[in-house]
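Engineer: Structure: work_17.cif, mmCIF, N, CA and C atoms.
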```
data_target
loop_
_atom_site.label_atom_id
_atom_site.label_comp_id
_atom_site.auth_asym_id
_atom_site.auth_seq_id
_atom_site.Cartn_x
_atom_site.Cartn_y
_atom_site.Cartn_z
N MET Y 1 -5.50 2.26 26.49
CA MET Y 1 -4.54 1.49 25.74
C MET Y 1 -4.93 0.02 25.72
N GLU Y 2 -5.38 -0.51 26.86
CA GLU Y 2 -5.79 -1.91 26.93
C GLU Y 2 -7.01 -2.17 26.05
N ALA Y 3 -7.92 -1.20 25.95
CA ALA Y 3 -9.11 -1.38 25.13
C ALA Y 3 -8.73 -1.52 23.66
N GLU Y 4 -7.73 -0.77 23.22
CA GLU Y 4 -7.28 -0.86 21.84
C GLU Y 4 -6.69 -2.23 21.54
N LYS Y 5 -5.91 -2.77 22.47
CA LYS Y 5 -5.32 -4.10 22.27
C LYS Y 5 -6.41 -5.15 22.18
N GLY Y 6 -7.45 -5.02 22.99
CA GLY Y 6 -8.56 -5.97 22.95
C GLY Y 6 -9.30 -5.91 21.63
N ALA Y 7 -9.50 -4.70 21.11
CA ALA Y 7 -10.19 -4.54 19.83
C ALA Y 7 -9.36 -5.14 18.70
N LEU Y 8 -8.06 -4.94 18.75
CA LEU Y 8 -7.20 -5.49 17.71
C LEU Y 8 -7.16 -7.01 17.77
N ALA Y 9 -7.16 -7.56 18.96
CA ALA Y 9 -7.15 -9.01 19.11
C ALA Y 9 -8.43 -9.61 18.54
N THR Y 10 -9.55 -8.93 18.71
CA THR Y 10 -10.82 -9.42 18.19
C THR Y 10 -10.81 -9.45 16.67
N VAL Y 11 -10.24 -8.42 16.05
CA VAL Y 11 -10.15 -8.37 14.60
C VAL Y 11 -9.26 -9.50 14.09
N ASP Y 12 -8.13 -9.74 14.73
CA ASP Y 12 -7.21 -10.78 14.30
C ASP Y 12 -7.81 -12.17 14.45
N GLU Y 13 -8.65 -12.38 15.46
CA GLU Y 13 -9.24 -13.69 15.70
C GLU Y 13 -10.25 -14.06 14.62
N THR Y 14 -10.95 -13.07 14.05
CA THR Y 14 -11.96 -13.36 13.04
C THR Y 14 -11.34 -13.49 11.65
N GLU Y 15 -10.12 -13.07 11.47
CA GLU Y 15 -9.46 -13.14 10.17
C GLU Y 15 -8.99 -14.57 9.90
N LEU Y 16 -9.30 -15.09 8.75
CA LEU Y 16 -8.85 -16.42 8.36
C LEU Y 16 -7.39 -16.37 7.92
N PRO Y 17 -6.66 -17.46 8.07
CA PRO Y 17 -5.26 -17.47 7.61
C PRO Y 17 -5.14 -17.17 6.13
N SER Y 18 -6.11 -17.61 5.34
CA SER Y 18 -6.05 -17.37 3.90
C SER Y 18 -6.20 -15.89 3.56
N ASP Y 19 -6.80 -15.10 4.45
CA ASP Y 19 -6.95 -13.66 4.20
C ASP Y 19 -5.60 -12.97 4.13
N ARG Y 20 -4.68 -13.37 5.00
CA ARG Y 20 -3.34 -12.78 4.99
C ARG Y 20 -2.61 -13.12 3.70
N VAL Y 21 -2.76 -14.36 3.24
CA VAL Y 21 -2.11 -14.79 2.00
C VAL Y 21 -2.74 -14.07 0.81
N ALA Y 22 -4.06 -13.94 0.81
CA ALA Y 22 -4.76 -13.25 -0.27
C ALA Y 22 -4.34 -11.79 -0.34
N ASP Y 23 -4.14 -11.16 0.80
CA ASP Y 23 -3.67 -9.77 0.81
C ASP Y 23 -2.30 -9.65 0.17
N LEU Y 24 -1.42 -10.59 0.45
CA LEU Y 24 -0.08 -10.59 -0.15
C LEU Y 24 -0.17 -10.77 -1.65
N VAL Y 25 -0.96 -11.74 -2.10
CA VAL Y 25 -1.10 -12.00 -3.54
C VAL Y 25 -1.68 -10.78 -4.24
N GLU Y 26 -2.70 -10.16 -3.65
CA GLU Y 26 -3.31 -8.98 -4.24
C GLU Y 26 -2.31 -7.83 -4.34
N TYR Y 27 -1.51 -7.64 -3.32
CA TYR Y 27 -0.51 -6.58 -3.31
C TYR Y 27 0.50 -6.79 -4.45
N ILE Y 28 0.97 -8.01 -4.61
CA ILE Y 28 1.96 -8.30 -5.66
C ILE Y 28 1.34 -8.13 -7.04
N VAL Y 29 0.15 -8.70 -7.24
CA VAL Y 29 -0.49 -8.64 -8.56
C VAL Y 29 -0.81 -7.20 -8.94
N CYS Y 30 -1.31 -6.41 -8.00
CA CYS Y 30 -1.64 -5.01 -8.31
C CYS Y 30 -0.40 -4.21 -8.68
N GLY Y 31 0.75 -4.59 -8.17
CA GLY Y 31 1.99 -3.93 -8.55
C GLY Y 31 2.46 -4.29 -9.93
N LEU Y 32 1.98 -5.39 -10.48
CA LEU Y 32 2.41 -5.85 -11.80
C LEU Y 32 1.54 -5.35 -12.94
N VAL Y 33 0.26 -5.14 -12.68
CA VAL Y 33 -0.69 -4.87 -13.76
C VAL Y 33 -0.85 -3.37 -14.02
N ASP Y 34 -1.40 -3.05 -15.21
CA ASP Y 34 -1.72 -1.66 -15.54
C ASP Y 34 -3.08 -1.25 -14.99
N ASP Y 35 -4.06 -2.15 -15.10
CA ASP Y 35 -5.43 -1.86 -14.68
C ASP Y 35 -5.71 -2.54 -13.34
N GLU Y 36 -5.41 -1.84 -12.25
CA GLU Y 36 -5.59 -2.41 -10.91
C GLU Y 36 -7.06 -2.65 -10.58
N ASP Y 37 -7.95 -1.87 -11.20
CA ASP Y 37 -9.38 -2.00 -10.91
C ASP Y 37 -9.95 -3.32 -11.42
N SER Y 38 -9.30 -3.92 -12.42
CA SER Y 38 -9.81 -5.17 -12.97
C SER Y 38 -9.34 -6.40 -12.17
N VAL Y 39 -8.47 -6.19 -11.20
CA VAL Y 39 -7.95 -7.30 -10.40
C VAL Y 39 -8.95 -7.66 -9.31
N SER Y 40 -9.29 -8.96 -9.25
CA SER Y 40 -10.13 -9.44 -8.16
C SER Y 40 -9.66 -10.83 -7.77
N LEU Y 41 -9.82 -11.14 -6.50
CA LEU Y 41 -9.41 -12.44 -5.97
C LEU Y 41 -10.64 -13.17 -5.45
N ASP Y 42 -10.70 -14.46 -5.77
CA ASP Y 42 -11.75 -15.32 -5.25
C ASP Y 42 -11.08 -16.37 -4.38
N VAL Y 43 -11.34 -16.34 -3.09
CA VAL Y 43 -10.68 -17.25 -2.15
C VAL Y 43 -11.68 -18.33 -1.74
N THR Y 44 -11.29 -19.58 -1.95
CA THR Y 44 -12.11 -20.72 -1.56
C THR Y 44 -11.37 -21.49 -0.48
N ASP Y 45 -11.95 -21.53 0.71
CA ASP Y 45 -11.33 -22.22 1.84
C ASP Y 45 -11.96 -23.60 2.00
N SER Y 46 -11.11 -24.58 2.26
CA SER Y 46 -11.59 -25.91 2.62
C SER Y 46 -10.78 -26.37 3.82
N GLU Y 47 -10.94 -27.60 4.23
CA GLU Y 47 -10.27 -28.11 5.43
C GLU Y 47 -8.75 -28.06 5.28
N GLY Y 48 -8.11 -27.08 5.89
CA GLY Y 48 -6.65 -26.99 5.92
C GLY Y 48 -6.00 -26.50 4.64
N SER Y 49 -6.80 -26.06 3.65
CA SER Y 49 -6.21 -25.56 2.42
C SER Y 49 -7.07 -24.44 1.84
N SER Y 50 -6.46 -23.67 0.94
CA SER Y 50 -7.16 -22.54 0.32
C SER Y 50 -6.77 -22.47 -1.15
N LEU Y 51 -7.73 -22.05 -1.97
CA LEU Y 51 -7.50 -21.81 -3.38
C LEU Y 51 -7.75 -20.33 -3.63
N ILE Y 52 -6.76 -19.65 -4.19
CA ILE Y 52 -6.88 -18.24 -4.52
C ILE Y 52 -6.87 -18.12 -6.04
N GLU Y 53 -7.99 -17.66 -6.61
CA GLU Y 53 -8.10 -17.46 -8.05
C GLU Y 53 -7.98 -15.97 -8.33
N VAL Y 54 -7.00 -15.60 -9.14
CA VAL Y 54 -6.75 -14.21 -9.48
C VAL Y 54 -7.38 -13.93 -10.84
N SER Y 55 -8.29 -12.97 -10.88
CA SER Y 55 -8.90 -12.54 -12.14
C SER Y 55 -8.35 -11.17 -12.50
N CYS Y 56 -7.99 -11.01 -13.76
CA CYS Y 56 -7.50 -9.71 -14.23
C CYS Y 56 -7.83 -9.59 -15.71
N SER Y 57 -7.52 -8.45 -16.30
CA SER Y 57 -7.80 -8.25 -17.72
C SER Y 57 -6.89 -9.15 -18.55
N GLU Y 58 -7.31 -9.42 -19.77
CA GLU Y 58 -6.56 -10.30 -20.68
C GLU Y 58 -5.15 -9.78 -20.92
N GLU Y 59 -5.02 -8.46 -21.06
CA GLU Y 59 -3.71 -7.86 -21.33
C GLU Y 59 -2.75 -8.05 -20.15
N ASP Y 60 -3.30 -7.99 -18.95
CA ASP Y 60 -2.46 -8.09 -17.75
C ASP Y 60 -2.18 -9.53 -17.34
N ALA Y 61 -2.96 -10.48 -17.85
CA ALA Y 61 -2.75 -11.89 -17.47
C ALA Y 61 -1.35 -12.35 -17.86
N GLY Y 62 -0.86 -11.89 -18.99
CA GLY Y 62 0.49 -12.24 -19.43
C GLY Y 62 1.56 -11.72 -18.48
N ARG Y 63 1.33 -10.55 -17.93
CA ARG Y 63 2.29 -9.98 -16.97
C ARG Y 63 2.29 -10.77 -15.67
N VAL Y 64 1.12 -11.20 -15.24
CA VAL Y 64 1.01 -11.95 -13.99
C VAL Y 64 1.65 -13.33 -14.15
N ILE Y 65 1.46 -13.93 -15.31
CA ILE Y 65 2.03 -15.26 -15.55
C ILE Y 65 3.53 -15.16 -15.82
N GLY Y 66 3.94 -14.19 -16.63
CA GLY Y 66 5.37 -13.99 -16.90
C GLY Y 66 5.90 -14.93 -17.96
N ARG Y 67 7.13 -14.70 -18.37
CA ARG Y 67 7.76 -15.55 -19.37
C ARG Y 67 8.00 -16.94 -18.80
N LYS Y 68 7.51 -17.91 -19.55
CA LYS Y 68 7.62 -19.32 -19.15
C LYS Y 68 7.04 -19.58 -17.76
N GLY Y 69 6.12 -18.72 -17.31
CA GLY Y 69 5.46 -18.92 -16.02
C GLY Y 69 6.29 -18.57 -14.81
N ARG Y 70 7.36 -17.84 -15.01
CA ARG Y 70 8.26 -17.56 -13.89
C ARG Y 70 7.64 -16.65 -12.84
N THR Y 71 6.86 -15.66 -13.27
CA THR Y 71 6.28 -14.71 -12.31
C THR Y 71 5.23 -15.40 -11.44
N ILE Y 72 4.32 -16.16 -12.05
CA ILE Y 72 3.29 -16.84 -11.25
C ILE Y 72 3.93 -17.90 -10.36
N LYS Y 73 5.01 -18.50 -10.81
CA LYS Y 73 5.70 -19.48 -9.98
C LYS Y 73 6.27 -18.81 -8.74
N ALA Y 74 6.83 -17.61 -8.90
CA ALA Y 74 7.36 -16.86 -7.75
C ALA Y 74 6.25 -16.44 -6.81
N ILE Y 75 5.11 -16.01 -7.37
CA ILE Y 75 3.96 -15.63 -6.54
C ILE Y 75 3.47 -16.84 -5.75
N ARG Y 76 3.39 -17.99 -6.40
CA ARG Y 76 2.96 -19.22 -5.72
C ARG Y 76 3.92 -19.60 -4.60
N THR Y 77 5.22 -19.44 -4.86
CA THR Y 77 6.21 -19.77 -3.84
C THR Y 77 6.04 -18.88 -2.60
N LEU Y 78 5.86 -17.58 -2.82
CA LEU Y 78 5.66 -16.66 -1.69
C LEU Y 78 4.36 -16.97 -0.96
N ALA Y 79 3.29 -17.25 -1.71
CA ALA Y 79 2.00 -17.55 -1.09
C ALA Y 79 2.07 -18.83 -0.27
N ARG Y 80 2.74 -19.85 -0.80
CA ARG Y 80 2.87 -21.11 -0.05
C ARG Y 80 3.72 -20.92 1.20
N ALA Y 81 4.76 -20.10 1.10
CA ALA Y 81 5.61 -19.86 2.27
C ALA Y 81 4.82 -19.16 3.38
N LEU Y 82 4.06 -18.13 3.02
CA LEU Y 82 3.24 -17.45 4.02
C LEU Y 82 2.14 -18.37 4.53
N GLY Y 83 1.56 -19.15 3.64
CA GLY Y 83 0.52 -20.09 4.04
C GLY Y 83 1.03 -21.09 5.06
N GLN Y 84 2.25 -21.54 4.87
CA GLN Y 84 2.84 -22.48 5.81
C GLN Y 84 3.04 -21.82 7.17
N ARG Y 85 3.41 -20.55 7.17
CA ARG Y 85 3.60 -19.84 8.45
C ARG Y 85 2.30 -19.64 9.21
N VAL Y 86 1.20 -19.43 8.46
CA VAL Y 86 -0.08 -19.20 9.13
C VAL Y 86 -0.90 -20.47 9.28
N GLY Y 87 -0.39 -21.59 8.77
CA GLY Y 87 -1.01 -22.88 9.01
C GLY Y 87 -2.03 -23.35 8.00
N THR Y 88 -1.86 -22.98 6.73
CA THR Y 88 -2.77 -23.45 5.70
C THR Y 88 -2.01 -23.75 4.42
N SER Y 89 -2.52 -24.67 3.64
CA SER Y 89 -1.94 -25.00 2.34
C SER Y 89 -2.60 -24.10 1.30
N VAL Y 90 -1.81 -23.52 0.38
CA VAL Y 90 -2.33 -22.52 -0.53
C VAL Y 90 -2.00 -22.88 -1.98
N GLU Y 91 -2.98 -22.70 -2.86
CA GLU Y 91 -2.78 -22.81 -4.30
C GLU Y 91 -3.23 -21.50 -4.93
N VAL Y 92 -2.48 -21.02 -5.92
CA VAL Y 92 -2.81 -19.78 -6.61
C VAL Y 92 -2.99 -20.09 -8.09
N GLU Y 93 -4.12 -19.66 -8.66
CA GLU Y 93 -4.40 -19.85 -10.07
C GLU Y 93 -4.76 -18.50 -10.70
N VAL Y 94 -4.40 -18.34 -11.98
CA VAL Y 94 -4.74 -17.11 -12.71
C VAL Y 94 -5.89 -17.43 -13.65
N VAL Y 95 -6.96 -16.66 -13.53
CA VAL Y 95 -8.12 -16.78 -14.41
C VAL Y 95 -8.14 -15.51 -15.23
N GLY Y 96 -7.66 -15.58 -16.45
CA GLY Y 96 -7.53 -14.40 -17.32
C GLY Y 96 -8.81 -13.71 -17.52
#
```
Turn the structure described in the file into structure tokens.
Structural biologist:
Amino acid sequence: MEAEKGALATVDETELPSDRVADLVEYIVCGLVDDEDSVSLDVTDSEGSSLIEVSCSEEDAGRVIGRKGRTIKAIRTLARALGQRVGTSVEVEVVG
């Protein structure tokens, strides 16, 4: 049992804070789109901040952005909240 805890701790130590935020963004975006295979995230880490660029098909970009940008605004709010908890500043952009 102790060996399993040690292995899990090693995995958590190598994971960047932005990875947790990127996982959340990917989970939300994949739930919104029709073509999940076309969704990809490009995470750029810098000193204390991260940029997450979401790429998806042209048809699905409208769903991710939402009417008047409400959906992407909600995704950004959730990503920033989680980013604050894990200690990094996060920006989310949609690249159609």
Engineer: Using all atoms listed in the file for the distances, tell me which of Y:Ser55, Y:Val64, Y:Gly31, Y:Ser50 is nearest to Thr88 (chain Y).
Structural biologist: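 For Thr88 (chain Y), the nearest of the candidates is Y:Ser50.
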Engineer: Between CA of Leu82 (chain Y) and CA of Gly96 (chain Y), what distance in Å does the model show, to one decimal?
Structural biologist: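 Atom-to-atom, CA of Leu82 (chain Y) and CA of Gly96 (chain Y) are spaced 24.1 Å apart.
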Engineer: Choose the residue, out of Y:Gly48, Y:Cys56, Y:Val21, Y:Glu15, that has the smallest atom-to-atom separation from Arg80 (chain Y); count all atoms listed in the file.
Structural biologist: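 The shortest atom-to-atom distance to Arg80 (chain Y) comes from Y:Val21.
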Engineer: Need the shell around Val54 (chain Y): protein/DNA/RNA residues with any atom at most 5 Å away, counting only N, CA and C atoms. Skip same-chain ones fewer than 3 positions apart. Format as a list in words?
Structural biologist: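 Counting only the stated atoms, we get Ser40, Leu41, Glu93, Val94 and Val95 of chain Y.
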Engineer: Export, as a compact mmCIF listing (two decimals), in the coordinates of the input, the selected residues with N, CA and C atoms.
Structural biologist:
```
# COMPACT_ATOMS: atom_id res chain seq x y z
N SER Y 40 -9.29 -8.96 -9.25
CA SER Y 40 -10.13 -9.44 -8.16
C SER Y 40 -9.66 -10.83 -7.77
N LEU Y 41 -9.82 -11.14 -6.50
CA LEU Y 41 -9.41 -12.44 -5.97
C LEU Y 41 -10.64 -13.17 -5.45
N GLU Y 93 -4.12 -19.66 -8.66
CA GLU Y 93 -4.40 -19.85 -10.07
C GLU Y 93 -4.76 -18.50 -10.70
N VAL Y 94 -4.40 -18.34 -11.98
CA VAL Y 94 -4.74 -17.11 -12.71
C VAL Y 94 -5.89 -17.43 -13.65
N VAL Y 95 -6.96 -16.66 -13.53
CA VAL Y 95 -8.12 -16.78 -14.41
C VAL Y 95 -8.14 -15.51 -15.23
```
Engineer: Write down as a VMD selection string the residues of region 17-54 of chain Y whose backbone DSSP state falls under strand (DSSP E).
Structural biologist: chain Y and resid 40 to 46 49 to 54
Engineer: For each of Y:Arg85, Y:Ser18, Y:Arg70, Y:Ala61, take the minimum atom-to-atom distance to Glu47 (chain Y), counting only C-alpha atoms, then give the residue where this is smallest.
Structural biologist: Y:Ser18
Engineer: Check the DSSP output for the backbone and give back, as a JSON list (two decimals) with N, CA and C atoms, in the coordinates of the input, the residues of chain Y in alpha helix (DSSP H).
Structural biologist:
```json
[["chain", "number", "residue", "atom", "x", "y", "z"],
["Y", 2, "GLU", "N", -5.38, -0.51, 26.86],
["Y", 2, "GLU", "CA", -5.79, -1.91, 26.93],
["Y", 2, "GLU", "C", -7.01, -2.17, 26.05],
["Y", 3, "ALA", "N", -7.92, -1.20, 25.95],
["Y", 3, "ALA", "CA", -9.11, -1.38, 25.13],
["Y", 3, "ALA", "C", -8.73, -1.52, 23.66],
["Y", 4, "GLU", "N", -7.73, -0.77, 23.22],
["Y", 4, "GLU", "CA", -7.28, -0.86, 21.84],
["Y", 4, "GLU", "C", -6.69, -2.23, 21.54],
["Y", 5, "LYS", "N", -5.91, -2.77, 22.47],
["Y", 5, "LYS", "CA", -5.32, -4.10, 22.27],
["Y", 5, "LYS", "C", -6.41, -5.15, 22.18],
["Y", 6, "GLY", "N", -7.45, -5.02, 22.99],
["Y", 6, "GLY", "CA", -8.56, -5.97, 22.95],
["Y", 6, "GLY", "C", -9.30, -5.91, 21.63],
["Y", 7, "ALA", "N", -9.50, -4.70, 21.11],
["Y", 7, "ALA", "CA", -10.19, -4.54, 19.83],
["Y", 7, "ALA", "C", -9.36, -5.14, 18.70],
["Y", 8, "LEU", "N", -8.06, -4.94, 18.75],
["Y", 8, "LEU", "CA", -7.20, -5.49, 17.71],
["Y", 8, "LEU", "C", -7.16, -7.01, 17.77],
["Y", 9, "ALA", "N", -7.16, -7.56, 18.96],
["Y", 9, "ALA", "CA", -7.15, -9.01, 19.11],
["Y", 9, "ALA", "C", -8.43, -9.61, 18.54],
["Y", 10, "THR", "N", -9.55, -8.93, 18.71],
["Y", 10, "THR", "CA", -10.82, -9.42, 18.19],
["Y", 10, "THR", "C", -10.81, -9.45, 16.67],
["Y", 11, "VAL", "N", -10.24, -8.42, 16.05],
["Y", 11, "VAL", "CA", -10.15, -8.37, 14.60],
["Y", 11, "VAL", "C", -9.26, -9.50, 14.09],
["Y", 12, "ASP", "N", -8.13, -9.74, 14.73],
["Y", 12, "ASP", "CA", -7.21, -10.78, 14.30],
["Y", 12, "ASP", "C", -7.81, -12.17, 14.45],
["Y", 13, "GLU", "N", -8.65, -12.38, 15.46],
["Y", 13, "GLU", "CA", -9.24, -13.69, 15.70],
["Y", 13, "GLU", "C", -10.25, -14.06, 14.62],
["Y", 14, "THR", "N", -10.95, -13.07, 14.05],
["Y", 14, "THR", "CA", -11.96, -13.36, 13.04],
["Y", 14, "THR", "C", -11.34, -13.49, 11.65],
["Y", 17, "PRO", "N", -6.66, -17.46, 8.07],
["Y", 17, "PRO", "CA", -5.26, -17.47, 7.61],
["Y", 17, "PRO", "C", -5.14, -17.17, 6.13],
["Y", 18, "SER", "N", -6.11, -17.61, 5.34],
["Y", 18, "SER", "CA", -6.05, -17.37, 3.90],
["Y", 18, "SER", "C", -6.20, -15.89, 3.56],
["Y", 19, "ASP", "N", -6.80, -15.10, 4.45],
["Y", 19, "ASP", "CA", -6.95, -13.66, 4.20],
["Y", 19, "ASP", "C", -5.60, -12.97, 4.13],
["Y", 20, "ARG", "N", -4.68, -13.37, 5.00],
["Y", 20, "ARG", "CA", -3.34, -12.78, 4.99],
["Y", 20, "ARG", "C", -2.61, -13.12, 3.70],
["Y", 21, "VAL", "N", -2.76, -14.36, 3.24],
["Y", 21, "VAL", "CA", -2.11, -14.79, 2.00],
["Y", 21, "VAL", "C", -2.74, -14.07, 0.81],
["Y", 22, "ALA", "N", -4.06, -13.94, 0.81],
["Y", 22, "ALA", "CA", -4.76, -13.25, -0.27],
["Y", 22, "ALA", "C", -4.34, -11.79, -0.34],
["Y", 23, "ASP", "N", -4.14, -11.16, 0.80],
["Y", 23, "ASP", "CA", -3.67, -9.77, 0.81],
["Y", 23, "ASP", "C", -2.30, -9.65, 0.17],
["Y", 24, "LEU", "N", -1.42, -10.59, 0.45],
["Y", 24, "LEU", "CA", -0.08, -10.59, -0.15],
["Y", 24, "LEU", "C", -0.17, -10.77, -1.65],
["Y", 25, "VAL", "N", -0.96, -11.74, -2.10],
["Y", 25, "VAL", "CA", -1.10, -12.00, -3.54],
["Y", 25, "VAL", "C", -1.68, -10.78, -4.24],
["Y", 26, "GLU", "N", -2.70, -10.16, -3.65],
["Y", 26, "GLU", "CA", -3.31, -8.98, -4.24],
["Y", 26, "GLU", "C", -2.31, -7.83, -4.34],
["Y", 27, "TYR", "N", -1.51, -7.64, -3.32],
["Y", 27, "TYR", "CA", -0.51, -6.58, -3.31],
["Y", 27, "TYR", "C", 0.50, -6.79, -4.45],
["Y", 28, "ILE", "N", 0.97, -8.01, -4.61],
["Y", 28, "ILE", "CA", 1.96, -8.30, -5.66],
["Y", 28, "ILE", "C", 1.34, -8.13, -7.04],
["Y", 29, "VAL", "N", 0.15, -8.70, -7.24],
["Y", 29, "VAL", "CA", -0.49, -8.64, -8.56],
["Y", 29, "VAL", "C", -0.81, -7.20, -8.94],
["Y", 30, "CYS", "N", -1.31, -6.41, -8.00],
["Y", 30, "CYS", "CA", -1.64, -5.01, -8.31],
["Y", 30, "CYS", "C", -0.40, -4.21, -8.68],
["Y", 31, "GLY", "N", 0.75, -4.59, -8.17],
["Y", 31, "GLY", "CA", 1.99, -3.93, -8.55],
["Y", 31, "GLY", "C", 2.46, -4.29, -9.93],
["Y", 32, "LEU", "N", 1.98, -5.39, -10.48],
["Y", 32, "LEU", "CA", 2.41, -5.85, -11.80],
["Y", 32, "LEU", "C", 1.54, -5.35, -12.94],
["Y", 58, "GLU", "N", -7.31, -9.42, -19.77],
["Y", 58, "GLU", "CA", -6.56, -10.30, -20.68],
["Y", 58, "GLU", "C", -5.15, -9.78, -20.92],
["Y", 59, "GLU", "N", -5.02, -8.46, -21.06],
["Y", 59, "GLU", "CA", -3.71, -7.86, -21.33],
["Y", 59, "GLU", "C", -2.75, -8.05, -20.15],
["Y", 60, "ASP", "N", -3.30, -7.99, -18.95],
["Y", 60, "ASP", "CA", -2.46, -8.09, -17.75],
["Y", 60, "ASP", "C", -2.18, -9.53, -17.34],
["Y", 61, "ALA", "N", -2.96, -10.48, -17.85],
["Y", 61, "ALA", "CA", -2.75, -11.89, -17.47],
["Y", 61, "ALA", "C", -1.35, -12.35, -17.86],
["Y", 62, "GLY", "N", -0.86, -11.89, -18.99],
["Y", 62, "GLY", "CA", 0.49, -12.24, -19.43],
["Y", 62, "GLY", "C", 1.56, -11.72, -18.48],
["Y", 63, "ARG", "N", 1.33, -10.55, -17.93],
["Y", 63, "ARG", "CA", 2.29, -9.98, -16.97],
["Y", 63, "ARG", "C", 2.29, -10.77, -15.67],
["Y", 64, "VAL", "N", 1.12, -11.20, -15.24],
["Y", 64, "VAL", "CA", 1.01, -11.95, -13.99],
["Y", 64, "VAL", "C", 1.65, -13.33, -14.15],
["Y", 65, "ILE", "N", 1.46, -13.93, -15.31],
["Y", 65, "ILE", "CA", 2.03, -15.26, -15.55],
["Y", 65, "ILE", "C", 3.53, -15.16, -15.82],
["Y", 70, "ARG", "N", 7.36, -17.84, -15.01],
["Y", 70, "ARG", "CA", 8.26, -17.56, -13.89],
["Y", 70, "ARG", "C", 7.64, -16.65, -12.84],
["Y", 71, "THR", "N", 6.86, -15.66, -13.27],
["Y", 71, "THR", "CA", 6.28, -14.71, -12.31],
["Y", 71, "THR", "C", 5.23, -15.40, -11.44],
["Y", 72, "ILE", "N", 4.32, -16.16, -12.05],
["Y", 72, "ILE", "CA", 3.29, -16.84, -11.25],
["Y", 72, "ILE", "C", 3.93, -17.90, -10.36],
["Y", 73, "LYS", "N", 5.01, -18.50, -10.81],
["Y", 73, "LYS", "CA", 5.70, -19.48, -9.98],
["Y", 73, "LYS", "C", 6.27, -18.81, -8.74],
["Y", 74, "ALA", "N", 6.83, -17.61, -8.90],
["Y", 74, "ALA", "CA", 7.36, -16.86, -7.75],
["Y", 74, "ALA", "C", 6.25, -16.44, -6.81],
["Y", 75, "ILE", "N", 5.11, -16.01, -7.37],
["Y", 75, "ILE", "CA", 3.96, -15.63, -6.54],
["Y", 75, "ILE", "C", 3.47, -16.84, -5.75],
["Y", 76, "ARG", "N", 3.39, -17.99, -6.40],
["Y", 76, "ARG", "CA", 2.96, -19.22, -5.72],
["Y", 76, "ARG", "C", 3.92, -19.60, -4.60],
["Y", 77, "THR", "N", 5.22, -19.44, -4.86],
["Y", 77, "THR", "CA", 6.21, -19.77, -3.84],
["Y", 77, "THR", "C", 6.04, -18.88, -2.60],
["Y", 78, "LEU", "N", 5.86, -17.58, -2.82],
["Y", 78, "LEU", "CA", 5.66, -16.66, -1.69],
["Y", 78, "LEU", "C", 4.36, -16.97, -0.96],
["Y", 79, "ALA", "N", 3.29, -17.25, -1.71],
["Y", 79, "ALA", "CA", 2.00, -17.55, -1.09],
["Y", 79, "ALA", "C", 2.07, -18.83, -0.27],
["Y", 80, "ARG", "N", 2.74, -19.85, -0.80],
["Y", 80, "ARG", "CA", 2.87, -21.11, -0.05],
["Y", 80, "ARG", "C", 3.72, -20.92, 1.20],
["Y", 81, "ALA", "N", 4.76, -20.10, 1.10],
["Y", 81, "ALA", "CA", 5.61, -19.86, 2.27],
["Y", 81, "ALA", "C", 4.82, -19.16, 3.38],
["Y", 82, "LEU", "N", 4.06, -18.13, 3.02],
["Y", 82, "LEU", "CA", 3.24, -17.45, 4.02],
["Y", 82, "LEU", "C", 2.14, -18.37, 4.53],
["Y", 83, "GLY", "N", 1.56, -19.15, 3.64],
["Y", 83, "GLY", "CA", 0.52, -20.09, 4.04],
["Y", 83, "GLY", "C", 1.03, -21.09, 5.06],
["Y", 84, "GLN", "N", 2.25, -21.54, 4.87],
["Y", 84, "GLN", "CA", 2.84, -22.48, 5.81],
["Y", 84, "GLN", "C", 3.04, -21.82, 7.17],
["Y", 85, "ARG", "N", 3.41, -20.55, 7.17],
["Y", 85, "ARG", "CA", 3.60, -19.84, 8.45],
["Y", 85, "ARG", "C", 2.30, -19.64, 9.21],
["Y", 86, "VAL", "N", 1.20, -19.43, 8.46],
["Y", 86, "VAL", "CA", -0.08, -19.20, 9.13],
["Y", 86, "VAL", "C", -0.90, -20.47, 9.28]]
```
Engineer: Write out as a list of chain:residue names each polymer residue whose atoms come within 10 Å of Arg63 (chain Y), counting only C-alpha atoms; drop sequence neighbours fewer than 2 positions from it.
Structural biologist: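 Surrounding residues, per the criterion: Y:Val29, Y:Leu32, Y:Val33, Y:Asp34, Y:Glu58, Y:Glu59, Y:Asp60, Y:Ala61, Y:Ile65, Y:Gly66, Y:Arg67, Y:Gly69, Y:Thr71, Y:Ile72.
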Engineer: As an exercise, work out the distance from atom C of Val92 (chain Y) to atom C of Thr14 (chain Y) in Å and give it to one decimal place.
Structural biologist: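 Interatomic distance, atom C of Val92 (chain Y) to atom C of Thr14 (chain Y): 22.4 Å.
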Engineer: Can you list, as a list in words, every protein, DNA or RNA residue that comes within 6.5 Å of Glu91 (chain Y) when you count all atoms listed in the file, leaving out same-chain residues fewer than 6 positions away?
Structural biologist: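 So the residues in contact are Ser49, Ser50, Leu51, Ile52 and Glu53 of chain Y.
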Engineer: Between Y:Val90, Y:Ile75, Y:Val43, Y:Leu16, single out the one closest to Ile28 (chain Y), counting all atoms listed in the file.
Structural biologist: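 Among Y:Val90, Y:Ile75, Y:Val43, Y:Leu16, it is Y:Ile75 that comes nearest to Ile28 (chain Y).
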Engineer: Compare Y:Tyr27, Y:Lys73, Y:Asp35, Y:Asp45 by their minimum atom-to-atom distance to Ser89 (chain Y), counting only C-alpha atoms, and give me the closest one.
Structural biologist: Y:Asp45
Engineer: If you measure from CA of Thr77 (chain Y) to CA of Ser57 (chain Y), what distance in Å do you get, rounded to one decimal?
Structural biologist: 22.8 Å
